[in-house]
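Structure record follows, encoded as structure tokens.
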Amino acid sequence: MRSPTKPFPLLCLFLGFYANLEHLPVAESASDYTTLAYKGCAKQVFSDPTGVYSQAISALFGSLLSQSSKAKFFKTTTGSGQTTISGLFQCRGDLSNADCYNCVSKLPILIDKLCGQPIAARIQLLGCYMRYEIAGFAQVSGVEMLYKTCSGKNSAGSGFEERRDTALSALVNGMGSGNGFYATSYDSLYVLGQCEGDLGTADCGECVKSAVQRSQVECGSSITGQVYLNKCFVSYSYYPNGAPKKSSSSADSISSPSGQTTGKTVAIILGGAAGVGFVVICMMFARNLMKKHDDY
């Protein structure tokens, strides 16, 4: 069996982000958390004539999906030696277990649809994300910016940036609680932040500070913004009729305010039952076995 070619820097993984100049409205419903934020697919694909990598990925997806109904974060590995593949998922801290499972169940489908079988991939929805990578794949800093989107012109009147910065400062302070997730509202602004599940409290605080600074610089006076770093993300939204109350389970709490658009982010909302993720995993595995059979 041929081994995969030498990995390239992880920065290449994120060159394939979706962007679209057309402004698309975000669905203001409970399905909002399954809207695509961005994708990252490595250009290099598996050299897999025997199907060993496909089997490892299928096992990885199955393991991650099975944990998503009872945990908000899970990290694991499958395979051995050169075929070792590590992966994880994380759900937004305010999603229920059922919503977390529903969100994560979309991710294997999207990885197969949007990426195929690269040696590393990351798909981020508004409510959850999943990533995997082959052993030896190069890493980047936890505060490396992966993606950002800024939407809407400042229609909130004078002093908006000062109010936004006050809200973001409250977010940074709130993240110091050590829970890895915090959401709050201030003067018609709703802010939210989250760190990857295994990130320590100090590193989480530094990551969120970096993300906040990036949002201030990158988004300027935009009334909504989302900044995703490698190990954390922050978002803020302005609601002219008053920000929603902080919620521990509402999937609607960061839906688009007053019909605002998501800027250059392509929105993809997948339907179907939550269990469809298992079906897709099985189909991927079966397809690979058929290909293997045809090669003989």
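We label chains A, B, ... in the order they appear in the structure tokens, count residues from 1 in each chain, and number ligands from 1 in the order shown.
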
Stretch 129-149 of chain A near stretch 52-61 of chain A within 12 Å: what's each residue's closest atom pair and its distance in Å to one decimal, counting only C-alpha atoms, ordered by chain then ascending residue number, as JSON lines?
```
{"residue": "A:Met130", "atom": "CA", "partner": "A:Phe61", "partner_atom": "CA", "distance": 9.3}
{"residue": "A:Arg131", "atom": "CA", "partner": "A:Phe61", "partner_atom": "CA", "distance": 10.0}
{"residue": "A:Tyr132", "atom": "CA", "partner": "A:Ile57", "partner_atom": "CA", "distance": 8.6}
{"residue": "A:Glu133", "atom": "CA", "partner": "A:Ile57", "partner_atom": "CA", "distance": 9.7}
{"residue": "A:Ile134", "atom": "CA", "partner": "A:Tyr53", "partner_atom": "CA", "distance": 9.3}
{"residue": "A:Ala135", "atom": "CA", "partner": "A:Tyr53", "partner_atom": "CA", "distance": 11.7}
```

I need the chosen residues saved as a PDB file, in the first residue's frame, with N, CA, C and O atoms.
```pdb
ATOM      1  N   MET A 130     -16.804  20.107  12.902  1.00  0.00           N
ATOM      2  CA  MET A 130     -16.068  18.853  12.942  1.00  0.00           C
ATOM      3  C   MET A 130     -14.800  19.016  12.137  1.00  0.00           C
ATOM      4  O   MET A 130     -14.790  19.697  11.112  1.00  0.00           O
ATOM      5  N   ARG A 131     -13.748  18.412  12.615  1.00  0.00           N
ATOM      6  CA  ARG A 131     -12.508  18.402  11.834  1.00  0.00           C
ATOM      7  C   ARG A 131     -11.804  17.064  12.024  1.00  0.00           C
ATOM      8  O   ARG A 131     -11.984  16.387  13.036  1.00  0.00           O
ATOM      9  N   TYR A 132     -11.021  16.692  11.027  1.00  0.00           N
ATOM     10  CA  TYR A 132     -10.180  15.507  11.151  1.00  0.00           C
ATOM     11  C   TYR A 132      -8.900  15.747  10.376  1.00  0.00           C
ATOM     12  O   TYR A 132      -8.821  16.622   9.500  1.00  0.00           O
ATOM     13  N   GLU A 133      -7.881  14.962  10.694  1.00  0.00           N
ATOM     14  CA  GLU A 133      -6.594  15.089  10.004  1.00  0.00           C
ATOM     15  C   GLU A 133      -5.807  13.804  10.151  1.00  0.00           C
ATOM     16  O   GLU A 133      -5.936  13.088  11.150  1.00  0.00           O
ATOM     17  N   ILE A 134      -4.996  13.518   9.156  1.00  0.00           N
ATOM     18  CA  ILE A 134      -4.146  12.346   9.178  1.00  0.00           C
ATOM     19  C   ILE A 134      -2.970  12.591  10.121  1.00  0.00           C
ATOM     20  O   ILE A 134      -2.571  13.741  10.364  1.00  0.00           O
ATOM     21  N   ALA A 135      -2.412  11.520  10.669  1.00  0.00           N
ATOM     22  CA  ALA A 135      -1.264  11.636  11.563  1.00  0.00           C
ATOM     23  C   ALA A 135      -0.113  12.342  10.855  1.00  0.00           C
ATOM     24  O   ALA A 135       0.169  12.075   9.688  1.00  0.00           O
TER      25      ALA A 135
END
```

Could you name the residues that touch stretch 173-185 of chain A at 10 Å or less, counting only C-alpha atoms, but leaving out those on the same chain fewer than 4 positions away, as a compact mmCIF listing (two decimals) with C-alpha atoms, in the first residue's frame?
```
# COMPACT_ATOMS: atom_id res chain seq x y z
CA ARG A 92 -22.13 25.59 20.65
CA GLY A 93 -22.55 25.77 24.39
CA ASP A 94 -26.20 26.87 24.30
CA ALA A 167 -20.14 44.32 25.06
CA LEU A 168 -17.06 42.49 23.77
CA SER A 169 -15.14 43.47 26.91
CA LEU A 189 -25.95 43.97 21.29
CA TYR A 190 -25.67 40.21 21.71
CA VAL A 191 -22.19 38.72 22.00
CA LEU A 192 -21.06 35.12 22.18
CA GLY A 193 -17.75 33.32 22.45
CA GLN A 194 -16.50 29.75 22.72
CA CYS A 195 -13.18 27.92 22.96
CA GLU A 196 -12.33 24.43 21.81
CA GLY A 197 -13.26 21.94 24.52
CA ASP A 198 -9.78 20.88 25.62
CA LEU A 199 -8.30 24.38 25.72
CA GLY A 200 -7.13 25.49 29.17
CA THR A 201 -8.68 28.52 30.89
CA ALA A 202 -5.66 30.79 30.39
CA CYS A 204 -8.93 30.20 26.16
CA GLY A 205 -8.85 33.72 27.57
CA GLU A 206 -5.94 34.70 25.33
CA VAL A 208 -10.87 35.06 22.87
CA LYS A 209 -8.97 38.32 23.44
CA CYS A 232 -12.00 29.76 19.47
CA PHE A 233 -14.55 32.10 17.94
CA VAL A 234 -16.53 35.22 18.85
CA SER A 235 -19.60 36.83 17.33
CA TYR A 236 -21.61 39.97 17.91
CA SER A 237 -24.96 41.15 16.55
CA TYR A 238 -26.91 44.38 16.85
CA TYR A 239 -30.67 44.16 17.45
CA GLY A 242 -33.35 44.95 21.83
CA ALA A 243 -30.96 42.03 22.13
CA PRO A 244 -32.35 38.60 23.06
CA LYS A 245 -31.92 37.45 26.63
CA LYS A 246 -29.04 35.17 27.41
CA SER A 247 -30.13 31.56 26.96
CA SER A 248 -28.54 28.25 27.83
CA SER A 253 -30.50 33.18 20.20
CA ILE A 254 -28.06 34.32 17.51
```

Check your understanding: Using the chain letters and numbers from this document, which residues of stretch 180-234 of chain A does DSSP assign to alpha helix (DSSP H), as a PyMOL selection string?
Key -> chain A and resi 201-219

Would you write out those residues with N, CA, C and O atoms, as a PDB file, in the first residue's frame?
```pdb
ATOM      1  N   THR A 201      -8.036  27.236  30.603  1.00  0.00           N
ATOM      2  CA  THR A 201      -8.680  28.522  30.885  1.00  0.00           C
ATOM      3  C   THR A 201      -7.827  29.703  30.437  1.00  0.00           C
ATOM      4  O   THR A 201      -8.328  30.643  29.808  1.00  0.00           O
ATOM      5  N   ALA A 202      -6.531  29.679  30.757  1.00  0.00           N
ATOM      6  CA  ALA A 202      -5.656  30.791  30.391  1.00  0.00           C
ATOM      7  C   ALA A 202      -5.532  30.922  28.878  1.00  0.00           C
ATOM      8  O   ALA A 202      -5.645  32.026  28.321  1.00  0.00           O
ATOM      9  N   ASP A 203      -5.308  29.790  28.187  1.00  0.00           N
ATOM     10  CA  ASP A 203      -5.190  29.823  26.731  1.00  0.00           C
ATOM     11  C   ASP A 203      -6.508  30.240  26.081  1.00  0.00           C
ATOM     12  O   ASP A 203      -6.515  30.947  25.067  1.00  0.00           O
ATOM     13  N   CYS A 204      -7.623  29.807  26.672  1.00  0.00           N
ATOM     14  CA  CYS A 204      -8.934  30.198  26.160  1.00  0.00           C
ATOM     15  C   CYS A 204      -9.101  31.710  26.247  1.00  0.00           C
ATOM     16  O   CYS A 204      -9.552  32.356  25.292  1.00  0.00           O
ATOM     17  N   GLY A 205      -8.732  32.278  27.401  1.00  0.00           N
ATOM     18  CA  GLY A 205      -8.847  33.723  27.567  1.00  0.00           C
ATOM     19  C   GLY A 205      -8.026  34.489  26.550  1.00  0.00           C
ATOM     20  O   GLY A 205      -8.497  35.488  25.977  1.00  0.00           O
ATOM     21  N   GLU A 206      -6.811  34.023  26.298  1.00  0.00           N
ATOM     22  CA  GLU A 206      -5.941  34.695  25.327  1.00  0.00           C
ATOM     23  C   GLU A 206      -6.501  34.558  23.916  1.00  0.00           C
ATOM     24  O   GLU A 206      -6.423  35.489  23.102  1.00  0.00           O
ATOM     25  N   CYS A 207      -7.057  33.396  23.613  1.00  0.00           N
ATOM     26  CA  CYS A 207      -7.624  33.172  22.281  1.00  0.00           C
ATOM     27  C   CYS A 207      -8.807  34.106  22.043  1.00  0.00           C
ATOM     28  O   CYS A 207      -8.908  34.746  20.987  1.00  0.00           O
ATOM     29  N   VAL A 208      -9.691  34.205  23.028  1.00  0.00           N
ATOM     30  CA  VAL A 208     -10.867  35.060  22.874  1.00  0.00           C
ATOM     31  C   VAL A 208     -10.458  36.527  22.778  1.00  0.00           C
ATOM     32  O   VAL A 208     -11.037  37.291  21.995  1.00  0.00           O
ATOM     33  N   LYS A 209      -9.470  36.947  23.552  1.00  0.00           N
ATOM     34  CA  LYS A 209      -8.971  38.318  23.444  1.00  0.00           C
ATOM     35  C   LYS A 209      -8.482  38.605  22.027  1.00  0.00           C
ATOM     36  O   LYS A 209      -8.755  39.663  21.458  1.00  0.00           O
ATOM     37  N   SER A 210      -7.750  37.642  21.461  1.00  0.00           N
ATOM     38  CA  SER A 210      -7.252  37.815  20.092  1.00  0.00           C
ATOM     39  C   SER A 210      -8.408  37.893  19.099  1.00  0.00           C
ATOM     40  O   SER A 210      -8.399  38.705  18.172  1.00  0.00           O
ATOM     41  N   ALA A 211      -9.411  37.059  19.298  1.00  0.00           N
ATOM     42  CA  ALA A 211     -10.564  37.066  18.393  1.00  0.00           C
ATOM     43  C   ALA A 211     -11.332  38.383  18.503  1.00  0.00           C
ATOM     44  O   ALA A 211     -11.794  38.932  17.491  1.00  0.00           O
ATOM     45  N   VAL A 212     -11.489  38.894  19.711  1.00  0.00           N
ATOM     46  CA  VAL A 212     -12.164  40.177  19.910  1.00  0.00           C
ATOM     47  C   VAL A 212     -11.408  41.293  19.212  1.00  0.00           C
ATOM     48  O   VAL A 212     -11.991  42.141  18.518  1.00  0.00           O
ATOM     49  N   GLN A 213     -10.095  41.320  19.375  1.00  0.00           N
ATOM     50  CA  GLN A 213      -9.279  42.349  18.721  1.00  0.00           C
ATOM     51  C   GLN A 213      -9.399  42.246  17.211  1.00  0.00           C
ATOM     52  O   GLN A 213      -9.497  43.272  16.517  1.00  0.00           O
ATOM     53  N   ARG A 214      -9.410  41.022  16.693  1.00  0.00           N
ATOM     54  CA  ARG A 214      -9.560  40.846  15.249  1.00  0.00           C
ATOM     55  C   ARG A 214     -10.918  41.365  14.782  1.00  0.00           C
ATOM     56  O   ARG A 214     -11.021  42.000  13.727  1.00  0.00           O
ATOM     57  N   SER A 215     -11.963  41.091  15.548  1.00  0.00           N
ATOM     58  CA  SER A 215     -13.303  41.537  15.146  1.00  0.00           C
ATOM     59  C   SER A 215     -13.390  43.054  15.133  1.00  0.00           C
ATOM     60  O   SER A 215     -14.044  43.648  14.265  1.00  0.00           O
ATOM     61  N   GLN A 216     -12.730  43.705  16.074  1.00  0.00           N
ATOM     62  CA  GLN A 216     -12.743  45.161  16.121  1.00  0.00           C
ATOM     63  C   GLN A 216     -12.020  45.763  14.924  1.00  0.00           C
ATOM     64  O   GLN A 216     -12.467  46.753  14.341  1.00  0.00           O
ATOM     65  N   VAL A 217     -10.909  45.154  14.552  1.00  0.00           N
ATOM     66  CA  VAL A 217     -10.109  45.664  13.436  1.00  0.00           C
ATOM     67  C   VAL A 217     -10.736  45.291  12.097  1.00  0.00           C
ATOM     68  O   VAL A 217     -10.892  46.133  11.203  1.00  0.00           O
ATOM     69  N   GLU A 218     -11.102  44.009  11.954  1.00  0.00           N
ATOM     70  CA  GLU A 218     -11.586  43.507  10.670  1.00  0.00           C
ATOM     71  C   GLU A 218     -12.981  44.028  10.331  1.00  0.00           C
ATOM     72  O   GLU A 218     -13.285  44.284   9.168  1.00  0.00           O
ATOM     73  N   CYS A 219     -13.842  44.156  11.335  1.00  0.00           N
ATOM     74  CA  CYS A 219     -15.240  44.494  11.073  1.00  0.00           C
ATOM     75  C   CYS A 219     -15.549  45.981  11.233  1.00  0.00           C
ATOM     76  O   CYS A 219     -16.613  46.429  10.780  1.00  0.00           O
TER      77      CYS A 219
END
```

**Study point:** Distance criterion (only C-alpha atoms): nearest to A:Ser68 out of A:Arg122, A:Lys106, A:Lys148, A:Lys231
**Key:** A:Lys106

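Taking only C-alpha atoms into account, A:Thr35 lies nearest to A:Gly127 out of the set A:Gly62, A:Gly127, A:Pro108, A:Pro49.
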